[in-house]
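Okay, run29.tsv now, which holds TSV, C-alpha atoms:
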chain	number	residue	atom	x	y	z
G	1	MET	CA	3.70	18.27	1.50
G	2	ASN	CA	4.73	20.79	-1.15
G	3	PHE	CA	3.86	19.22	-4.49
G	4	SER	CA	5.42	20.56	-7.65
G	5	SER	CA	2.39	19.38	-9.64
G	6	LYS	CA	-1.39	19.37	-9.02
G	7	LEU	CA	-1.72	16.12	-10.94
G	8	LEU	CA	0.88	14.46	-8.74
G	9	GLU	CA	-0.89	15.75	-5.65
G	10	GLN	CA	-4.25	14.37	-6.82
G	11	ALA	CA	-2.76	10.96	-7.48
G	12	VAL	CA	-1.12	10.92	-4.05
G	13	THR	CA	-4.42	11.94	-2.45
G	14	GLU	CA	-6.23	9.10	-4.22
G	15	PHE	CA	-3.68	6.51	-3.11
G	16	GLY	CA	-3.68	8.00	0.38
G	17	ARG	CA	-7.38	7.14	0.72
G	18	LEU	CA	-6.56	3.43	0.71
G	19	PRO	CA	-6.49	1.82	4.17
G	20	GLY	CA	-3.02	1.75	5.71
G	21	VAL	CA	-1.51	3.99	3.05
G	22	GLY	CA	-0.13	7.29	4.36
G	23	GLN	CA	0.99	10.24	2.26
G	24	LYS	CA	4.64	9.17	2.09
G	25	THR	CA	3.74	5.64	1.00
G	26	ALA	CA	1.23	7.05	-1.50
G	27	LEU	CA	3.94	9.27	-3.01
G	28	ARG	CA	6.29	6.30	-3.25
G	29	LEU	CA	3.62	4.23	-5.04
G	30	VAL	CA	2.76	7.05	-7.44
G	31	LEU	CA	6.41	7.68	-8.34
G	32	HIS	CA	6.82	3.95	-8.86
G	33	LEU	CA	3.88	3.88	-11.28
G	34	LEU	CA	5.29	6.92	-13.10
G	35	LYS	CA	8.47	4.95	-13.80
G	36	GLN	CA	6.58	1.95	-15.18
G	37	PRO	CA	5.78	1.51	-18.89
G	38	ASP	CA	2.46	3.06	-20.00
G	39	ALA	CA	1.03	-0.39	-20.76
G	40	ASP	CA	1.56	-1.56	-17.17
G	41	VAL	CA	-0.28	1.41	-15.72
G	42	SER	CA	-3.13	1.04	-18.22
G	43	ARG	CA	-3.45	-2.62	-17.32
G	44	PHE	CA	-3.53	-1.68	-13.63
G	45	THR	CA	-6.33	0.87	-14.06
G	46	GLU	CA	-8.27	-1.25	-16.55
G	47	THR	CA	-8.22	-4.24	-14.23
G	48	LEU	CA	-9.62	-2.11	-11.41
G	49	ASP	CA	-12.31	-0.64	-13.65
G	50	ARG	CA	-13.30	-4.10	-14.89
G	51	LEU	CA	-13.27	-5.48	-11.34
G	52	LYS	CA	-15.65	-2.77	-10.16
G	53	ARG	CA	-17.90	-3.09	-13.22
G	54	GLU	CA	-18.02	-6.83	-13.70
G	55	ILE	CA	-17.55	-8.40	-10.30
G	56	ARG	CA	-20.47	-10.64	-9.30
G	57	HIS	CA	-21.54	-12.22	-6.08
G	58	CYS	CA	-22.84	-15.79	-5.88
G	59	SER	CA	-26.63	-15.62	-5.73
G	60	ILE	CA	-26.68	-18.30	-3.03
G	61	CYS	CA	-23.78	-17.60	-0.64
G	62	HIS	CA	-22.85	-14.01	-1.75
G	63	ASN	CA	-19.18	-14.86	-2.06
G	64	ILE	CA	-17.32	-13.01	-4.82
G	65	SER	CA	-17.65	-15.05	-7.98
G	66	ASP	CA	-17.30	-14.76	-11.76
G	67	ASN	CA	-20.46	-16.82	-12.28
G	68	PRO	CA	-24.03	-16.41	-11.01
G	69	VAL	CA	-23.43	-19.39	-8.70
G	70	CYS	CA	-19.93	-19.83	-7.24
G	71	GLU	CA	-17.85	-22.98	-7.64
G	72	ILE	CA	-18.40	-24.06	-4.05
G	73	CYS	CA	-22.21	-23.75	-4.16
G	74	ALA	CA	-22.23	-25.45	-7.58
G	75	SER	CA	-20.08	-28.41	-6.50
G	76	TYR	CA	-21.89	-31.74	-5.96
G	77	LYS	CA	-19.10	-32.74	-3.57
G	78	ARG	CA	-20.10	-30.11	-1.00
G	79	ASN	CA	-22.46	-30.84	1.87
G	80	LYS	CA	-25.35	-28.41	1.32
G	81	GLY	CA	-26.76	-29.21	4.75
G	82	LEU	CA	-23.87	-27.50	6.52
G	83	ILE	CA	-23.45	-23.72	6.21
G	84	CYS	CA	-20.44	-21.84	7.52
G	85	ILE	CA	-21.29	-18.17	8.15
G	86	VAL	CA	-18.37	-15.79	7.58
G	87	GLU	CA	-17.76	-12.06	7.34
G	88	ASP	CA	-16.18	-11.78	3.91
G	89	THR	CA	-14.44	-13.55	1.06
G	90	ARG	CA	-11.08	-13.51	2.87
G	91	ASP	CA	-12.53	-15.82	5.51
G	92	VAL	CA	-13.79	-18.19	2.82
G	93	MET	CA	-10.28	-18.28	1.37
G	94	ALA	CA	-8.73	-18.88	4.80
G	95	ILE	CA	-11.10	-21.77	5.59
G	96	GLU	CA	-10.73	-23.28	2.10
G	97	ASN	CA	-6.96	-23.27	2.63
G	98	THR	CA	-7.36	-25.56	5.63
G	99	ASN	CA	-8.87	-28.32	3.45
G	100	GLN	CA	-10.86	-29.31	6.55
G	101	TYR	CA	-14.28	-28.07	5.57
G	102	HIS	CA	-16.63	-29.65	3.04
G	103	GLY	CA	-19.85	-27.75	3.63
G	104	VAL	CA	-20.93	-24.52	1.93
G	105	TYR	CA	-20.67	-20.87	3.02
G	106	HIS	CA	-22.76	-17.81	3.63
G	107	VAL	CA	-20.92	-14.48	3.33
G	108	LEU	CA	-22.51	-11.76	5.46
G	109	GLY	CA	-20.54	-8.92	3.87
G	110	GLY	CA	-19.62	-7.40	7.23
G	111	LEU	CA	-20.38	-7.56	10.94
G	112	ILE	CA	-22.94	-5.70	13.02
G	113	SER	CA	-21.15	-2.57	14.19
G	114	PRO	CA	-23.24	0.30	15.60
G	115	MET	CA	-20.03	2.40	15.79
G	116	ASP	CA	-19.67	2.21	12.00
G	117	GLY	CA	-23.42	2.47	11.41
G	118	ILE	CA	-23.71	-1.13	10.19
G	119	GLY	CA	-26.92	-2.83	11.30
G	120	PRO	CA	-28.39	-6.27	10.54
G	121	SER	CA	-30.21	-4.93	7.47
G	122	ASP	CA	-26.86	-4.03	5.86
G	123	LEU	CA	-25.77	-7.67	5.98
G	124	GLN	CA	-26.89	-10.73	4.01
G	125	ILE	CA	-29.09	-12.03	6.82
G	126	GLU	CA	-32.48	-12.09	5.03
G	127	SER	CA	-31.07	-14.40	2.37
G	128	LEU	CA	-29.53	-16.62	5.07
G	129	ILE	CA	-32.94	-17.00	6.70
G	130	LYS	CA	-34.43	-17.92	3.31
G	131	ARG	CA	-31.78	-20.64	2.93
G	132	LEU	CA	-32.75	-22.06	6.34
G	133	GLN	CA	-36.47	-21.82	5.57
G	134	ALA	CA	-35.90	-24.09	2.57
G	135	GLY	CA	-35.33	-26.79	5.18
G	136	GLU	CA	-32.34	-28.66	3.85
G	137	VAL	CA	-29.84	-27.25	6.34
G	138	HIS	CA	-29.10	-29.18	9.53
G	139	GLU	CA	-26.21	-27.17	10.97
G	140	VAL	CA	-24.76	-23.67	10.76
G	141	ILE	CA	-21.26	-22.79	11.97
G	142	LEU	CA	-20.69	-19.20	13.04
G	143	ALA	CA	-17.07	-18.58	12.01
G	144	LEU	CA	-16.79	-14.90	12.91
G	145	SER	CA	-13.94	-12.91	14.41
G	146	ALA	CA	-13.50	-13.00	18.19
G	147	THR	CA	-14.10	-9.25	18.43
G	148	MET	CA	-16.92	-7.22	19.93
G	149	GLU	CA	-18.52	-6.88	16.48
G	150	GLY	CA	-18.12	-10.60	15.84
G	151	ASP	CA	-19.67	-11.51	19.20
G	152	THR	CA	-22.56	-9.07	18.68
G	153	THR	CA	-23.27	-10.59	15.29
G	154	ILE	CA	-23.06	-14.14	16.66
G	155	PHE	CA	-25.55	-13.25	19.42
G	156	TYR	CA	-27.94	-11.62	16.94
G	157	LEU	CA	-27.76	-14.53	14.50
G	158	TYR	CA	-28.18	-17.09	17.29
G	159	LYS	CA	-31.44	-15.46	18.38
G	160	LYS	CA	-32.66	-15.22	14.76
G	161	LEU	CA	-31.72	-18.74	13.71
G	162	LYS	CA	-32.58	-20.92	16.67
G	163	GLN	CA	-36.30	-20.98	15.65
G	164	PHE	CA	-35.36	-23.12	12.65
G	165	GLY	CA	-34.27	-26.01	14.83
G	166	VAL	CA	-30.86	-26.35	13.21
G	167	GLN	CA	-27.73	-27.00	15.20
G	168	ILE	CA	-25.84	-23.74	15.73
G	169	SER	CA	-22.17	-23.91	16.58
G	170	THR	CA	-19.29	-21.46	16.78
G	171	ILE	CA	-15.68	-22.23	15.94
G	172	ALA	CA	-13.55	-23.25	18.92
G	173	ARG	CA	-11.62	-20.55	20.72
G	174	GLY	CA	-8.52	-21.26	22.78
G	175	ILE	CA	-4.77	-21.24	22.55
G	176	ALA	CA	-3.35	-21.61	19.06
G	177	PHE	CA	-1.43	-24.73	18.03
G	178	GLY	CA	2.24	-24.05	18.77
G	179	GLY	CA	1.23	-21.32	21.22
G	180	GLU	CA	3.14	-21.15	24.51
G	181	LEU	CA	1.01	-20.76	27.61
G	182	GLU	CA	3.00	-17.92	29.12
G	183	TYR	CA	2.35	-15.70	26.11
G	184	VAL	CA	-1.39	-16.33	25.89
G	185	ASP	CA	-3.60	-13.45	27.08
G	186	GLU	CA	-5.60	-14.02	30.30
G	187	VAL	CA	-9.04	-13.97	28.68
G	188	THR	CA	-8.16	-16.61	26.12
G	189	LEU	CA	-6.38	-18.77	28.68
G	190	GLY	CA	-9.18	-18.46	31.23
G	191	ARG	CA	-11.85	-19.33	28.66
G	192	SER	CA	-9.84	-22.20	27.26
G	193	ILE	CA	-9.72	-23.76	30.76
G	194	ALA	CA	-13.45	-23.17	31.29
G	195	THR	CA	-14.26	-24.75	27.91
G	196	ARG	CA	-11.75	-27.62	28.24
G	197	VAL	CA	-12.46	-30.76	26.21
G	198	PRO	CA	-11.99	-34.43	27.16
G	199	TYR	CA	-8.62	-35.62	25.88
G	200	GLU	CA	-10.23	-38.32	23.71
G	201	ARG	CA	-12.18	-35.63	21.84
G	202	SER	CA	-9.19	-33.34	21.44
G	203	ILE	CA	-7.29	-35.94	19.38
G	204	ALA	CA	-10.28	-37.06	17.34
S	1	MET	CA	-4.22	-18.14	-2.37
S	2	ASN	CA	-7.43	-19.71	-3.58
S	3	PHE	CA	-9.43	-17.01	-5.29
S	4	SER	CA	-13.12	-17.48	-5.91
S	5	SER	CA	-12.91	-15.18	-8.95
S	6	LYS	CA	-10.38	-14.66	-11.76
S	7	LEU	CA	-11.15	-10.94	-11.83
S	8	LEU	CA	-10.42	-10.65	-8.13
S	9	GLU	CA	-7.17	-12.55	-8.59
S	10	GLN	CA	-6.07	-10.25	-11.43
S	11	ALA	CA	-6.75	-7.14	-9.38
S	12	VAL	CA	-4.81	-8.57	-6.43
S	13	THR	CA	-1.91	-9.43	-8.76
S	14	GLU	CA	-1.85	-5.87	-10.11
S	15	PHE	CA	-1.83	-4.34	-6.65
S	16	GLY	CA	0.78	-6.87	-5.53
S	17	ARG	CA	3.20	-5.50	-8.14
S	18	LEU	CA	3.45	-2.21	-6.22
S	19	PRO	CA	6.55	-1.89	-4.05
S	20	GLY	CA	5.99	-3.01	-0.47
S	21	VAL	CA	2.56	-4.47	-1.18
S	22	GLY	CA	2.28	-8.21	-0.55
S	23	GLN	CA	-0.61	-10.45	-1.57
S	24	LYS	CA	-2.50	-10.09	1.72
S	25	THR	CA	-2.26	-6.29	1.64
S	26	ALA	CA	-3.23	-6.29	-2.04
S	27	LEU	CA	-6.35	-8.34	-1.24
S	28	ARG	CA	-7.25	-5.94	1.57
S	29	LEU	CA	-6.89	-2.94	-0.76
S	30	VAL	CA	-8.95	-4.59	-3.51
S	31	LEU	CA	-11.76	-5.55	-1.12
S	32	HIS	CA	-11.69	-1.99	0.22
S	33	LEU	CA	-12.11	-0.58	-3.30
S	34	LEU	CA	-14.93	-3.04	-3.98
S	35	LYS	CA	-16.84	-1.58	-1.03
S	36	GLN	CA	-16.40	2.01	-2.24
S	37	PRO	CA	-18.94	3.80	-4.45
S	38	ASP	CA	-18.38	3.36	-8.20
S	39	ALA	CA	-17.58	7.07	-8.58
S	40	ASP	CA	-14.68	6.85	-6.12
S	41	VAL	CA	-13.06	3.97	-7.94
S	42	SER	CA	-13.52	5.68	-11.31
S	43	ARG	CA	-11.91	8.81	-9.94
S	44	PHE	CA	-9.00	6.74	-8.62
S	45	THR	CA	-8.33	5.05	-11.96
S	46	GLU	CA	-8.95	8.21	-14.01
S	47	THR	CA	-6.50	10.19	-11.89
S	48	LEU	CA	-3.83	7.54	-12.45
S	49	ASP	CA	-4.52	7.43	-16.20
S	50	ARG	CA	-4.35	11.23	-16.42
S	51	LEU	CA	-1.20	11.31	-14.31
S	52	LYS	CA	0.55	8.89	-16.63
S	53	ARG	CA	-0.71	10.62	-19.78
S	54	GLU	CA	-0.35	14.27	-18.85
S	55	ILE	CA	2.50	14.49	-16.36
S	56	ARG	CA	5.28	16.79	-17.57
S	57	HIS	CA	8.81	17.40	-16.42
S	58	CYS	CA	10.32	20.87	-16.19
S	59	SER	CA	12.44	21.43	-19.30
S	60	ILE	CA	15.19	23.02	-17.19
S	61	CYS	CA	15.47	21.00	-13.96
S	62	HIS	CA	13.41	17.87	-14.90
S	63	ASN	CA	11.35	18.04	-11.74
S	64	ILE	CA	7.73	16.88	-12.10
S	65	SER	CA	5.66	19.88	-13.13
S	66	ASP	CA	2.31	20.80	-14.68
S	67	ASN	CA	3.94	23.51	-16.82
S	68	PRO	CA	6.84	23.39	-19.31
S	69	VAL	CA	8.97	25.25	-16.73
S	70	CYS	CA	8.40	24.50	-13.05
S	71	GLU	CA	7.53	27.13	-10.45
S	72	ILE	CA	10.98	27.04	-8.88
S	73	CYS	CA	12.86	27.54	-12.16
S	74	ALA	CA	10.37	30.25	-13.18
S	75	SER	CA	10.66	32.20	-9.89
S	76	TYR	CA	12.68	35.41	-10.01
S	77	LYS	CA	13.34	35.02	-6.28
S	78	ARG	CA	15.51	31.93	-6.83
S	79	ASN	CA	19.27	32.13	-7.21
S	80	LYS	CA	19.92	30.64	-10.66
S	81	GLY	CA	23.66	30.51	-10.00
S	82	LEU	CA	23.26	27.78	-7.38
S	83	ILE	CA	22.08	24.31	-8.47
S	84	CYS	CA	21.20	21.54	-6.03
S	85	ILE	CA	21.51	18.13	-7.70
S	86	VAL	CA	19.04	15.54	-6.35
S	87	GLU	CA	17.85	12.05	-7.21
S	88	ASP	CA	14.10	12.63	-7.59
S	89	THR	CA	11.15	14.86	-6.86
S	90	ARG	CA	10.84	13.57	-3.29
S	91	ASP	CA	14.22	15.09	-2.49
S	92	VAL	CA	13.11	18.44	-3.94
S	93	MET	CA	10.05	18.31	-1.68
S	94	ALA	CA	12.18	17.42	1.35
S	95	ILE	CA	14.62	20.28	0.75
S	96	GLU	CA	11.82	22.76	-0.02
S	97	ASN	CA	10.25	21.84	3.31
S	98	THR	CA	13.37	23.00	5.15
S	99	ASN	CA	12.88	26.58	3.82
S	100	GLN	CA	16.69	26.86	3.95
S	101	TYR	CA	17.48	26.72	0.26
S	102	HIS	CA	16.91	29.47	-2.28
S	103	GLY	CA	18.77	28.18	-5.31
S	104	VAL	CA	17.36	25.98	-8.07
S	105	TYR	CA	17.44	22.21	-8.61
S	106	HIS	CA	18.48	19.58	-11.08
S	107	VAL	CA	16.65	16.26	-10.83
S	108	LEU	CA	18.76	13.35	-12.10
S	109	GLY	CA	15.87	10.87	-12.17
S	110	GLY	CA	17.87	8.18	-10.39
S	111	LEU	CA	21.37	7.21	-9.28
S	112	ILE	CA	24.10	5.33	-11.09
S	113	SER	CA	23.56	1.69	-10.15
S	114	PRO	CA	25.30	-1.00	-12.18
S	115	MET	CA	23.36	-3.64	-10.19
S	116	ASP	CA	20.08	-2.28	-11.56
S	117	GLY	CA	21.55	-1.58	-15.00
S	118	ILE	CA	21.34	2.20	-14.55
S	119	GLY	CA	24.27	4.03	-16.11
S	120	PRO	CA	25.07	7.75	-16.48
S	121	SER	CA	23.26	7.90	-19.84
S	122	ASP	CA	19.99	6.93	-18.13
S	123	LEU	CA	20.17	10.04	-15.93
S	124	GLN	CA	19.71	13.73	-16.72
S	125	ILE	CA	23.45	14.44	-16.81
S	126	GLU	CA	23.78	15.77	-20.38
S	127	SER	CA	21.27	18.52	-19.66
S	128	LEU	CA	23.07	19.35	-16.41
S	129	ILE	CA	26.31	19.83	-18.34
S	130	LYS	CA	24.48	22.10	-20.79
S	131	ARG	CA	23.27	24.23	-17.88
S	132	LEU	CA	26.84	24.59	-16.64
S	133	GLN	CA	28.14	25.35	-20.14
S	134	ALA	CA	25.77	28.34	-20.27
S	135	GLY	CA	28.14	29.82	-17.69
S	136	GLU	CA	25.76	31.40	-15.19
S	137	VAL	CA	26.23	28.77	-12.47
S	138	HIS	CA	28.85	29.36	-9.76
S	139	GLU	CA	28.13	26.46	-7.39
S	140	VAL	CA	26.52	23.00	-7.49
S	141	ILE	CA	25.50	21.10	-4.37
S	142	LEU	CA	25.43	17.32	-4.63
S	143	ALA	CA	22.54	16.38	-2.33
S	144	LEU	CA	22.45	12.64	-2.94
S	145	SER	CA	21.78	9.74	-0.58
S	146	ALA	CA	24.69	8.49	1.53
S	147	THR	CA	24.53	5.06	-0.13
S	148	MET	CA	26.90	3.25	-2.46
S	149	GLU	CA	24.84	4.39	-5.46
S	150	GLY	CA	24.79	7.96	-4.16
S	151	ASP	CA	28.55	8.00	-3.61
S	152	THR	CA	29.21	6.49	-7.04
S	153	THR	CA	27.05	9.15	-8.66
S	154	ILE	CA	28.75	11.93	-6.66
S	155	PHE	CA	32.19	10.68	-7.75
S	156	TYR	CA	31.11	10.47	-11.40
S	157	LEU	CA	29.54	13.93	-11.37
S	158	TYR	CA	32.54	15.46	-9.60
S	159	LYS	CA	34.85	14.21	-12.34
S	160	LYS	CA	32.48	15.43	-15.06
S	161	LEU	CA	31.75	18.85	-13.58
S	162	LYS	CA	35.08	20.06	-12.20
S	163	GLN	CA	36.21	21.18	-15.70
S	164	PHE	CA	33.61	23.97	-15.55
S	165	GLY	CA	35.39	25.69	-12.69
S	166	VAL	CA	32.27	25.86	-10.50
S	167	GLN	CA	32.39	25.19	-6.78
S	168	ILE	CA	31.21	21.63	-6.11
S	169	SER	CA	30.01	20.77	-2.62
S	170	THR	CA	28.18	17.86	-1.00
S	171	ILE	CA	25.70	18.16	1.85
S	172	ALA	CA	27.24	17.69	5.31
S	173	ARG	CA	27.20	14.20	6.80
S	174	GLY	CA	27.39	13.57	10.50
S	175	ILE	CA	25.22	12.85	13.48
S	176	ALA	CA	21.64	14.05	13.21
S	177	PHE	CA	20.38	16.90	15.38
S	178	GLY	CA	18.91	15.32	18.49
S	179	GLY	CA	20.97	12.18	17.87
S	180	GLU	CA	22.65	10.56	20.87
S	181	LEU	CA	26.28	9.57	20.37
S	182	GLU	CA	25.94	6.06	21.76
S	183	TYR	CA	23.35	5.14	19.12
S	184	VAL	CA	25.25	6.52	16.11
S	185	ASP	CA	26.88	3.91	13.86
S	186	GLU	CA	30.69	3.75	13.85
S	187	VAL	CA	31.18	4.92	10.27
S	188	THR	CA	29.10	8.06	10.72
S	189	LEU	CA	30.68	8.83	14.09
S	190	GLY	CA	34.22	8.24	12.81
S	191	ARG	CA	33.66	10.41	9.73
S	192	SER	CA	31.99	13.16	11.73
S	193	ILE	CA	35.10	13.37	13.93
S	194	ALA	CA	37.40	13.38	10.90
S	195	THR	CA	35.35	16.13	9.24
S	196	ARG	CA	34.85	18.18	12.43
S	197	VAL	CA	34.11	21.88	11.95
S	198	PRO	CA	35.33	24.87	13.99
S	199	TYR	CA	32.73	25.75	16.60
S	200	GLU	CA	32.28	29.25	15.23
S	201	ARG	CA	31.24	27.80	11.88
S	202	SER	CA	28.90	25.21	13.40
S	203	ILE	CA	26.71	27.94	14.91
S	204	ALA	CA	26.78	30.24	11.89
Rewrite the structure of this file - the entire thing - as structure tokens.
Amino acid sequence: MNFSSKLLEQAVTEFGRLPGVGQKTALRLVLHLLKQPDADVSRFTETLDRLKREIRHCSICHNISDNPVCEICASYKRNKGLICIVEDTRDVMAIENTNQYHGVYHVLGGLISPMDGIGPSDLQIESLIKRLQAGEVHEVILALSATMEGDTTIFYLYKKLKQFGVQISTIARGIAFGGELEYVDEVTLGRSIATRVPYERSIA
Amino acid sequence: MNFSSKLLEQAVTEFGRLPGVGQKTALRLVLHLLKQPDADVSRFTETLDRLKREIRHCSICHNISDNPVCEICASYKRNKGLICIVEDTRDVMAIENTNQYHGVYHVLGGLISPMDGIGPSDLQIESLIKRLQAGEVHEVILALSATMEGDTTIFYLYKKLKQFGVQISTIARGIAFGGELEYVDEVTLGRSIATRVPYERSIA
């Protein structure tokens, strides 16, 4: 693109670094911000600066939190013996939205991915092991994505955690509620037949 | 969404104000920035702050520029007697990319749109009239979008500008190069038959 201004070009380059934002979208966003009142743009940049400077992670579960211990870990209503292991804070939000889970979480901060150079030591696994060593946990649920990285991480964690004698489960995989059989991919359909459940259990 | 942190929620709200960015995308962008080095995020916010503080518009054509007069208006190679009237800087970039135009520009900064409360006085029309009053211009090209707002603005400008005795033209409308007839909408096809050009001119 032929920019009429270096400053404009820099701003477009910065926006273009964001995931899923191409140069045309970046230019649209920058021109939008240029049309906004100064105060709105200052608030935008100040919020980002504050976020980066002040954001904290819960010292127990590593979820993003404003306090040293997050609301979920601090709640007496939560079952501290049940830990759900997730990739990031978005997964915590998704599971919280179901209103079906009353245990606590452990946020890994990523998945094992040799392609991206992310190994076990880059994730919050040491602190997870410490939580299990404390001895109060009776079950961990591995709620990770059904991708190669997710499966690799599940396998690694299973081998690491089984020594503690806790129950280790993974979330059920199969066809989605409302899903029509003919549109389900073969792998999912095949596995969901292989891992079929007795009808009485499925309506429990 | 159930945010685990007020700061996170604020940042997502700010990103969500951008056009075309929903809450889920905003959260993805914010979590991406959180994973970046501090220096990258500072550079992002500083660039935006500088952009908003230091951006200038060319005093002649109102295009975004780092200098008081933009490169195009300052170039002795450009035909100052031919002005192309466009909505914003994106249109200047698009036309410059064609390498077909050697006149200068006039950036209106928007289109007349009663729905959005944008009237002629919100656009750079007064300064356009001053340029024509100087008497050096022999032709203006109205290169505005083929939308209701574009057509309204063209009609308004035509009435305002014809008193100056300059030639007023609009960019050609019709089927795009490479376009197949059966996929062209009826209005475009009908108009492109009504405004057909002699073959000799079409290959000029």
Using all atoms listed in the file, find which residues of chain G lie within 9 Å of chain S and jot them down as a count of residues only.
-> 56
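Residues lying at most 10 Å from (-29.0, -17.4, 10.9) in file coordinates, with only C-alpha atoms considered, are Ile83, Ile85, His106, Gln124, Ile125, Glu126, Ser127, Leu128, Ile129, Lys130, Arg131, Leu132, Val140, Ile141, Leu142, Thr153, Ile154, Tyr156, Leu157, Tyr158, Lys159, Lys160, Leu161, Lys162, Gln163, Phe164, Val166 and Ile168 of chain G.
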Range 19-26 of chain S: axis-aligned bounding box, 5 Å on each side, centre and edge lengths in Å, one decimal, as lines of an AutoDock Vina configuration file:
center_x = 1.7
center_y = -6.2
center_z = -1.2
size_x = 19.8
size_y = 18.6
size_z = 15.8
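Residues lying within 12 Å of Ala194 in chain G, counting only C-alpha atoms and ignoring same-chain neighbours fewer than 6 positions away, are Arg173, Gly174, Val187 and Thr188 of chain G.
Put simply, CA of Pro68 in chain G is 21.4 Å away from CA of Gln133 in chain G.
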